[in-house]
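Engineer: There's a structure below that I have some questions on.
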Amino acid sequence: MFVTVSIMDSAAEVAERADRVITMLPSSPNVIEVYTGPNGILKKVKKGSLLIDSSTIDPAVSKEMAKAAEKIGATFMDAPVSGGVGAARAGNLTFMVGGLEGEFNAAKELLSCMGNNVVYCGEVGTGQAAKLCNNMLLAIAMIGTAETMNLGIRLGLDPKLLTKIVNMSSGRCWSSDTYNPVPGVMDGVPSANDYQGGFAASLMAKDLGLVQNTATNTKTPALLGSLSHQIYRMMCARGYAQKDFSSVFQFLREEENI
């Protein structure tokens, strides 16, 4: 199967030539610029076009983009993604979709090319809500796994043995059995490659910042989420920004005063 790839000079040119557009960008300001900027998608988008944004951003921004798209006859849906680099390579990512229910099947048809779990969450912004909740739990679990492994090693346990015990016990989680943060325990994960690749600590810090904003706006207690945010911000300030978020294990090993 051959695929023809065309490179355009701007997002507006892409929208002018295609009626199905998928974006995946680092942050809310990037999304606003790509959609509503001088050379943005909404400057040239055709009526009836389906716009799917798989960035992880503030749900309020997704709602703003949906309103702007609706005014010119296009449909915007948020569809943030989870699964990491491994799932992306294997084509079994999870997409959390928010938007008009009547457009979900059209979105699912496209997203199923990249993922085997495409879930409808509700109105625009609910996909982002699901992703932020997932990433808060992911950060908490990764920090917990890193602390657990660090303590076990300092108590004289072999990390592979401790991982085996945890994974056959009630402490098992994705961070312990699929994405272990300890170098030498598992192959094919960032901890086996000096924490290169994967999901950068800076992006986790950004997502946890969004979590804190939404928790404040909804008056939701998120004590561990807040602490996780501070830990990842500290990591970014100390040279870990571009390392995978599982490098929190290395960070904790180096922090004698924590």
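Identifiers in the structure tokens: chain A, B, ... in order shown; residue index from 1 per chain; ligand index from 1 in order shown.
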Which residues are near Thr36 in chain A? Cut-off 12 Å, only C-alpha atoms, ignore same chain within fewer than 2 positions. Put them as number ranges by chain.

Structural biologist: A: 11-12, 28-34, 38-45, 61, 64-69

Engineer: Could you please take those selected residues and save N, CA, C and O atoms as a short mmCIF file (atom, residue, chain, number, x, y, z; two decimals), in the first residue's frame?

Structural biologist:
```
data_model
loop_
_atom_site.label_atom_id
_atom_site.label_comp_id
_atom_site.auth_asym_id
_atom_site.auth_seq_id
_atom_site.Cartn_x
_atom_site.Cartn_y
_atom_site.Cartn_z
N ALA A 11 -1.18 25.65 8.08
CA ALA A 11 -2.36 24.87 8.46
C ALA A 11 -3.57 25.27 7.60
O ALA A 11 -4.42 24.44 7.29
N ALA A 12 -3.63 26.55 7.22
CA ALA A 12 -4.74 27.02 6.38
C ALA A 12 -4.76 26.29 5.04
O ALA A 12 -5.83 25.91 4.54
N SER A 28 -2.16 24.35 24.81
CA SER A 28 -3.31 25.17 24.45
C SER A 28 -2.95 26.33 23.53
O SER A 28 -3.64 26.55 22.51
N PRO A 29 -1.90 27.12 23.82
CA PRO A 29 -1.56 28.23 22.92
C PRO A 29 -1.24 27.75 21.50
O PRO A 29 -1.58 28.44 20.52
N ASN A 30 -0.61 26.59 21.37
CA ASN A 30 -0.32 26.04 20.04
C ASN A 30 -1.60 25.74 19.28
O ASN A 30 -1.72 26.02 18.09
N VAL A 31 -2.57 25.16 19.97
CA VAL A 31 -3.85 24.82 19.35
C VAL A 31 -4.58 26.08 18.90
O VAL A 31 -5.10 26.16 17.78
N ILE A 32 -4.61 27.09 19.76
CA ILE A 32 -5.27 28.35 19.42
C ILE A 32 -4.64 28.96 18.18
O ILE A 32 -5.33 29.44 17.27
N GLU A 33 -3.31 28.94 18.12
CA GLU A 33 -2.60 29.52 16.98
C GLU A 33 -2.87 28.74 15.69
O GLU A 33 -3.15 29.33 14.64
N VAL A 34 -2.81 27.42 15.76
CA VAL A 34 -3.00 26.59 14.57
C VAL A 34 -4.42 26.66 14.03
O VAL A 34 -4.65 26.58 12.82
N PRO A 38 -3.37 33.72 12.04
CA PRO A 38 -3.43 34.30 10.68
C PRO A 38 -3.38 33.27 9.57
O PRO A 38 -4.00 33.46 8.52
N ASN A 39 -2.65 32.17 9.79
CA ASN A 39 -2.58 31.09 8.81
C ASN A 39 -3.18 29.81 9.36
O ASN A 39 -2.75 28.71 9.06
N GLY A 40 -4.21 30.01 10.20
CA GLY A 40 -4.82 28.88 10.89
C GLY A 40 -5.85 28.13 10.07
O GLY A 40 -6.32 28.58 9.02
N ILE A 41 -6.20 26.99 10.56
CA ILE A 41 -7.15 26.09 9.89
C ILE A 41 -8.48 26.78 9.60
O ILE A 41 -9.06 26.64 8.51
N LEU A 42 -8.99 27.54 10.56
CA LEU A 42 -10.31 28.14 10.40
C LEU A 42 -10.35 29.28 9.39
O LEU A 42 -11.43 29.75 9.03
N LYS A 43 -9.18 29.70 8.89
CA LYS A 43 -9.15 30.74 7.85
C LYS A 43 -9.56 30.19 6.49
O LYS A 43 -10.06 30.94 5.64
N LYS A 44 -9.36 28.88 6.29
CA LYS A 44 -9.61 28.31 4.97
C LYS A 44 -10.48 27.05 5.00
O LYS A 44 -10.74 26.45 3.96
N VAL A 45 -10.90 26.64 6.18
CA VAL A 45 -11.62 25.38 6.29
C VAL A 45 -12.92 25.40 5.48
O VAL A 45 -13.59 26.43 5.37
N VAL A 61 -10.46 25.41 26.17
CA VAL A 61 -9.94 25.77 24.86
C VAL A 61 -10.60 24.92 23.78
O VAL A 61 -10.94 25.42 22.70
N GLU A 64 -13.88 26.41 23.06
CA GLU A 64 -13.73 27.64 22.27
C GLU A 64 -13.52 27.32 20.79
O GLU A 64 -14.11 27.96 19.91
N MET A 65 -12.66 26.34 20.52
CA MET A 65 -12.38 25.96 19.13
C MET A 65 -13.63 25.38 18.46
O MET A 65 -13.89 25.62 17.29
N ALA A 66 -14.41 24.62 19.23
CA ALA A 66 -15.64 24.03 18.68
C ALA A 66 -16.64 25.12 18.29
O ALA A 66 -17.28 25.05 17.25
N LYS A 67 -16.76 26.14 19.14
CA LYS A 67 -17.67 27.25 18.83
C LYS A 67 -17.21 28.02 17.60
O LYS A 67 -18.03 28.38 16.75
N ALA A 68 -15.91 28.25 17.50
CA ALA A 68 -15.36 28.97 16.35
C ALA A 68 -15.57 28.18 15.06
O ALA A 68 -15.91 28.75 14.02
N ALA A 69 -15.39 26.87 15.13
CA ALA A 69 -15.58 26.02 13.95
C ALA A 69 -17.04 25.97 13.54
O ALA A 69 -17.38 26.01 12.35
#
```

Engineer: Determine which residues of range 11-254 of chain A DSSP labels as alpha helix (DSSP H) from the backbone of this structure, then write them out as a PyMOL selection string.

Structural biologist: chain A and resi 11-17+28-36+59-71+84-90+104-111+126-154+159-167+174-177+201-217+223-235+248-254

Engineer: Could the residues in this selection be written to a file with C-alpha atoms, as a CSV table (one decimal), in the first residue's frame?

Structural biologist:
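Result saved to again_32.csv:
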```csv
chain,number,residue,atom,x,y,z
A,11,ALA,CA,-2.4,24.9,8.5
A,12,ALA,CA,-4.7,27.0,6.4
A,13,GLU,CA,-3.5,25.4,3.2
A,14,VAL,CA,-4.1,21.9,4.7
A,15,ALA,CA,-7.7,22.9,5.6
A,16,GLU,CA,-8.2,24.2,2.1
A,17,ARG,CA,-7.3,20.9,0.5
A,28,SER,CA,-3.3,25.2,24.4
A,29,PRO,CA,-1.6,28.2,22.9
A,30,ASN,CA,-0.3,26.0,20.0
A,31,VAL,CA,-3.8,24.8,19.3
A,32,ILE,CA,-5.3,28.3,19.4
A,33,GLU,CA,-2.6,29.5,17.0
A,34,VAL,CA,-3.0,26.6,14.6
A,35,TYR,CA,-6.8,26.9,14.5
A,36,THR,CA,-7.4,30.7,14.8
A,59,PRO,CA,-11.1,21.6,28.1
A,60,ALA,CA,-12.2,25.2,27.9
A,61,VAL,CA,-9.9,25.8,24.9
A,62,SER,CA,-11.5,22.8,23.1
A,63,LYS,CA,-14.9,24.3,23.7
A,64,GLU,CA,-13.7,27.6,22.3
A,65,MET,CA,-12.4,26.0,19.1
A,66,ALA,CA,-15.6,24.0,18.7
A,67,LYS,CA,-17.7,27.3,18.8
A,68,ALA,CA,-15.4,29.0,16.4
A,69,ALA,CA,-15.6,26.0,14.0
A,70,GLU,CA,-19.4,25.8,14.3
A,71,LYS,CA,-19.7,29.5,13.2
A,84,GLY,CA,2.7,6.1,24.8
A,85,VAL,CA,5.2,5.5,22.0
A,86,GLY,CA,4.9,1.7,22.2
A,87,ALA,CA,1.2,1.8,21.6
A,88,ALA,CA,1.6,4.3,18.8
A,89,ARG,CA,4.1,2.0,17.0
A,90,ALA,CA,1.7,-0.9,17.4
A,104,PHE,CA,-18.5,10.1,16.4
A,105,ASN,CA,-18.6,7.3,13.9
A,106,ALA,CA,-16.9,9.5,11.3
A,107,ALA,CA,-14.2,10.3,13.8
A,108,LYS,CA,-13.9,6.7,14.9
A,109,GLU,CA,-13.3,5.6,11.4
A,110,LEU,CA,-10.2,7.8,11.1
A,111,LEU,CA,-8.9,7.3,14.6
A,126,THR,CA,-15.1,15.6,27.9
A,127,GLY,CA,-12.3,13.8,26.0
A,128,GLN,CA,-9.9,16.3,27.5
A,129,ALA,CA,-11.4,15.7,30.9
A,130,ALA,CA,-10.9,12.0,30.7
A,131,LYS,CA,-7.3,12.4,29.5
A,132,LEU,CA,-6.4,14.8,32.3
A,133,CYS,CA,-7.9,12.4,34.9
A,134,ASN,CA,-6.0,9.5,33.4
A,135,ASN,CA,-2.7,11.5,33.4
A,136,MET,CA,-3.1,12.6,37.0
A,137,LEU,CA,-3.4,9.0,38.0
A,138,LEU,CA,-0.5,8.0,35.8
A,139,ALA,CA,1.8,10.6,37.4
A,140,ILE,CA,0.7,9.5,40.9
A,141,ALA,CA,1.2,5.8,40.1
A,142,MET,CA,4.6,6.4,38.5
A,143,ILE,CA,5.9,8.4,41.4
A,144,GLY,CA,4.6,5.7,43.8
A,145,THR,CA,6.3,3.0,41.8
A,146,ALA,CA,9.6,5.0,41.7
A,147,GLU,CA,9.5,5.5,45.5
A,148,THR,CA,8.6,1.9,46.1
A,149,MET,CA,11.5,0.6,43.9
A,150,ASN,CA,13.9,3.1,45.5
A,151,LEU,CA,13.0,2.0,49.0
A,152,GLY,CA,13.2,-1.7,48.1
A,153,ILE,CA,16.7,-1.3,46.6
A,154,ARG,CA,17.9,0.6,49.7
A,159,PRO,CA,14.8,-4.6,41.7
A,160,LYS,CA,13.8,-7.4,39.3
A,161,LEU,CA,12.6,-9.6,42.3
A,162,LEU,CA,10.7,-6.7,43.8
A,163,THR,CA,9.1,-5.9,40.5
A,164,LYS,CA,8.0,-9.6,40.2
A,165,ILE,CA,6.5,-9.5,43.7
A,166,VAL,CA,4.7,-6.2,43.2
A,167,ASN,CA,3.3,-7.5,39.8
A,174,TRP,CA,0.9,-0.1,34.5
A,175,SER,CA,4.0,1.7,35.8
A,176,SER,CA,5.3,-1.4,37.4
A,177,ASP,CA,4.4,-4.1,34.9
A,201,ALA,CA,8.6,15.1,32.0
A,202,SER,CA,7.9,18.6,30.7
A,203,LEU,CA,4.7,17.4,29.0
A,204,MET,CA,3.7,15.6,32.2
A,205,ALA,CA,4.3,18.8,34.1
A,206,LYS,CA,2.2,20.7,31.6
A,207,ASP,CA,-0.7,18.2,31.9
A,208,LEU,CA,-0.6,18.3,35.7
A,209,GLY,CA,-0.8,22.1,35.5
A,210,LEU,CA,-4.0,21.7,33.5
A,211,VAL,CA,-5.2,19.2,36.1
A,212,GLN,CA,-4.6,21.8,38.9
A,213,ASN,CA,-6.4,24.5,36.9
A,214,THR,CA,-9.5,22.3,36.4
A,215,ALA,CA,-9.4,21.1,40.0
A,216,THR,CA,-9.4,24.7,41.2
A,217,ASN,CA,-12.2,25.7,38.9
A,223,LEU,CA,-3.8,16.6,47.0
A,224,LEU,CA,-1.7,14.0,45.3
A,225,GLY,CA,-2.2,15.5,41.9
A,226,SER,CA,-0.9,18.8,43.3
A,227,LEU,CA,2.1,17.2,44.9
A,228,SER,CA,2.9,15.3,41.6
A,229,HIS,CA,2.7,18.6,39.7
A,230,GLN,CA,5.3,20.1,42.1
A,231,ILE,CA,7.6,17.1,41.7
A,232,TYR,CA,7.6,17.2,37.9
A,233,ARG,CA,8.1,21.0,38.0
A,234,MET,CA,11.2,20.4,40.2
A,235,MET,CA,12.4,17.8,37.7
A,248,VAL,CA,11.3,10.4,38.4
A,249,PHE,CA,13.0,7.3,39.7
A,250,GLN,CA,16.4,8.7,38.9
A,251,PHE,CA,15.4,12.1,40.2
A,252,LEU,CA,14.4,10.6,43.6
A,253,ARG,CA,17.6,8.6,43.8
A,254,GLU,CA,19.6,11.7,43.4
```

Engineer: So, counting only C-alpha atoms, which residue among A:Asp78, A:Asp244, A:Glu123, A:Glu101 is closest to Gln196 in chain A?

Structural biologist: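 So, comparing all the options, the nearest one is A:Asp244.
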
Engineer: To one decimal place in Å, what is the distance between CA of Leu93 in chain A and CA of Ser112 in chain A?

Structural biologist: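 About the pair CA of Leu93 in chain A and CA of Ser112 in chain A: they are 8.8 Å apart.
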
Engineer: Please identify all polymer residues within 10 Å of Lys243 in chain A, counting only C-alpha atoms, omitting same-chain residues fewer than 3 positions from it, and present them as a short mmCIF file (atom, residue, chain, number, x, y, z; two decimals) with N, CA and C atoms, in the first residue's frame.

Structural biologist:
```
data_model
loop_
_atom_site.label_atom_id
_atom_site.label_comp_id
_atom_site.auth_asym_id
_atom_site.auth_seq_id
_atom_site.Cartn_x
_atom_site.Cartn_y
_atom_site.Cartn_z
N PRO A 190 11.72 3.45 28.19
CA PRO A 190 12.71 4.53 28.31
C PRO A 190 13.76 4.32 29.39
N SER A 191 13.41 3.66 30.49
CA SER A 191 14.41 3.45 31.55
C SER A 191 15.55 2.56 31.09
N ASP A 194 18.37 5.25 28.98
CA ASP A 194 18.70 6.52 29.63
C ASP A 194 17.53 7.49 29.61
N TYR A 195 16.33 6.96 29.67
CA TYR A 195 15.09 7.74 29.72
C TYR A 195 14.88 8.61 28.49
N GLN A 196 15.43 8.16 27.35
CA GLN A 196 15.21 8.86 26.10
C GLN A 196 13.94 8.34 25.43
N GLY A 197 13.26 9.22 24.66
CA GLY A 197 12.01 8.82 24.02
C GLY A 197 10.87 8.82 25.03
N GLY A 198 9.73 8.35 24.61
CA GLY A 198 8.60 8.27 25.53
C GLY A 198 7.89 9.60 25.70
N PHE A 199 7.42 9.84 26.93
CA PHE A 199 6.60 11.01 27.27
C PHE A 199 7.41 11.92 28.18
N ALA A 200 7.80 13.07 27.66
CA ALA A 200 8.72 13.96 28.37
C ALA A 200 8.15 14.45 29.70
N ALA A 201 9.03 14.60 30.67
CA ALA A 201 8.63 15.13 31.98
C ALA A 201 8.01 16.51 31.85
N SER A 202 8.48 17.30 30.87
CA SER A 202 7.92 18.64 30.67
C SER A 202 6.45 18.57 30.25
N MET A 235 11.60 18.56 38.68
CA MET A 235 12.41 17.77 37.75
C MET A 235 12.79 18.60 36.53
N CYS A 236 11.84 19.34 36.00
CA CYS A 236 12.10 20.17 34.81
C CYS A 236 13.15 21.23 35.11
N GLY A 239 16.93 19.72 35.06
CA GLY A 239 17.53 19.06 33.92
C GLY A 239 16.82 17.83 33.39
N TYR A 240 15.63 17.54 33.88
CA TYR A 240 14.91 16.34 33.46
C TYR A 240 13.79 16.63 32.46
N SER A 246 9.22 8.75 33.46
CA SER A 246 9.62 7.69 34.39
C SER A 246 10.98 7.96 35.02
N SER A 247 11.68 8.99 34.52
CA SER A 247 12.97 9.38 35.11
C SER A 247 12.79 9.94 36.51
N VAL A 248 11.56 10.03 36.99
CA VAL A 248 11.33 10.43 38.37
C VAL A 248 12.04 9.48 39.32
#
```

Engineer: Please measure the separation of CA of Ala79 in chain A and CA of Pro181 in chain A, giving the value in Å to one decimal.

Structural biologist: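 CA of Ala79 in chain A sits 27.6 Å away from CA of Pro181 in chain A.
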
Engineer: Could you tell me how far CA of Ser27 in chain A sits from CA of Ser55 in chain A, in Å to one decimal place?

Structural biologist: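 Going from CA of Ser55 in chain A over to CA of Ser27 in chain A, I get 7.0 Å.
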
Engineer: Please report, as a PyMOL selection string, each residue of range 23-255 of chain A to which DSSP assigns strand (DSSP E or B) when run on this structure's backbone.

Structural biologist: chain A and resi 23+50-53+75-78+81-82+93-98+115-122+200+244
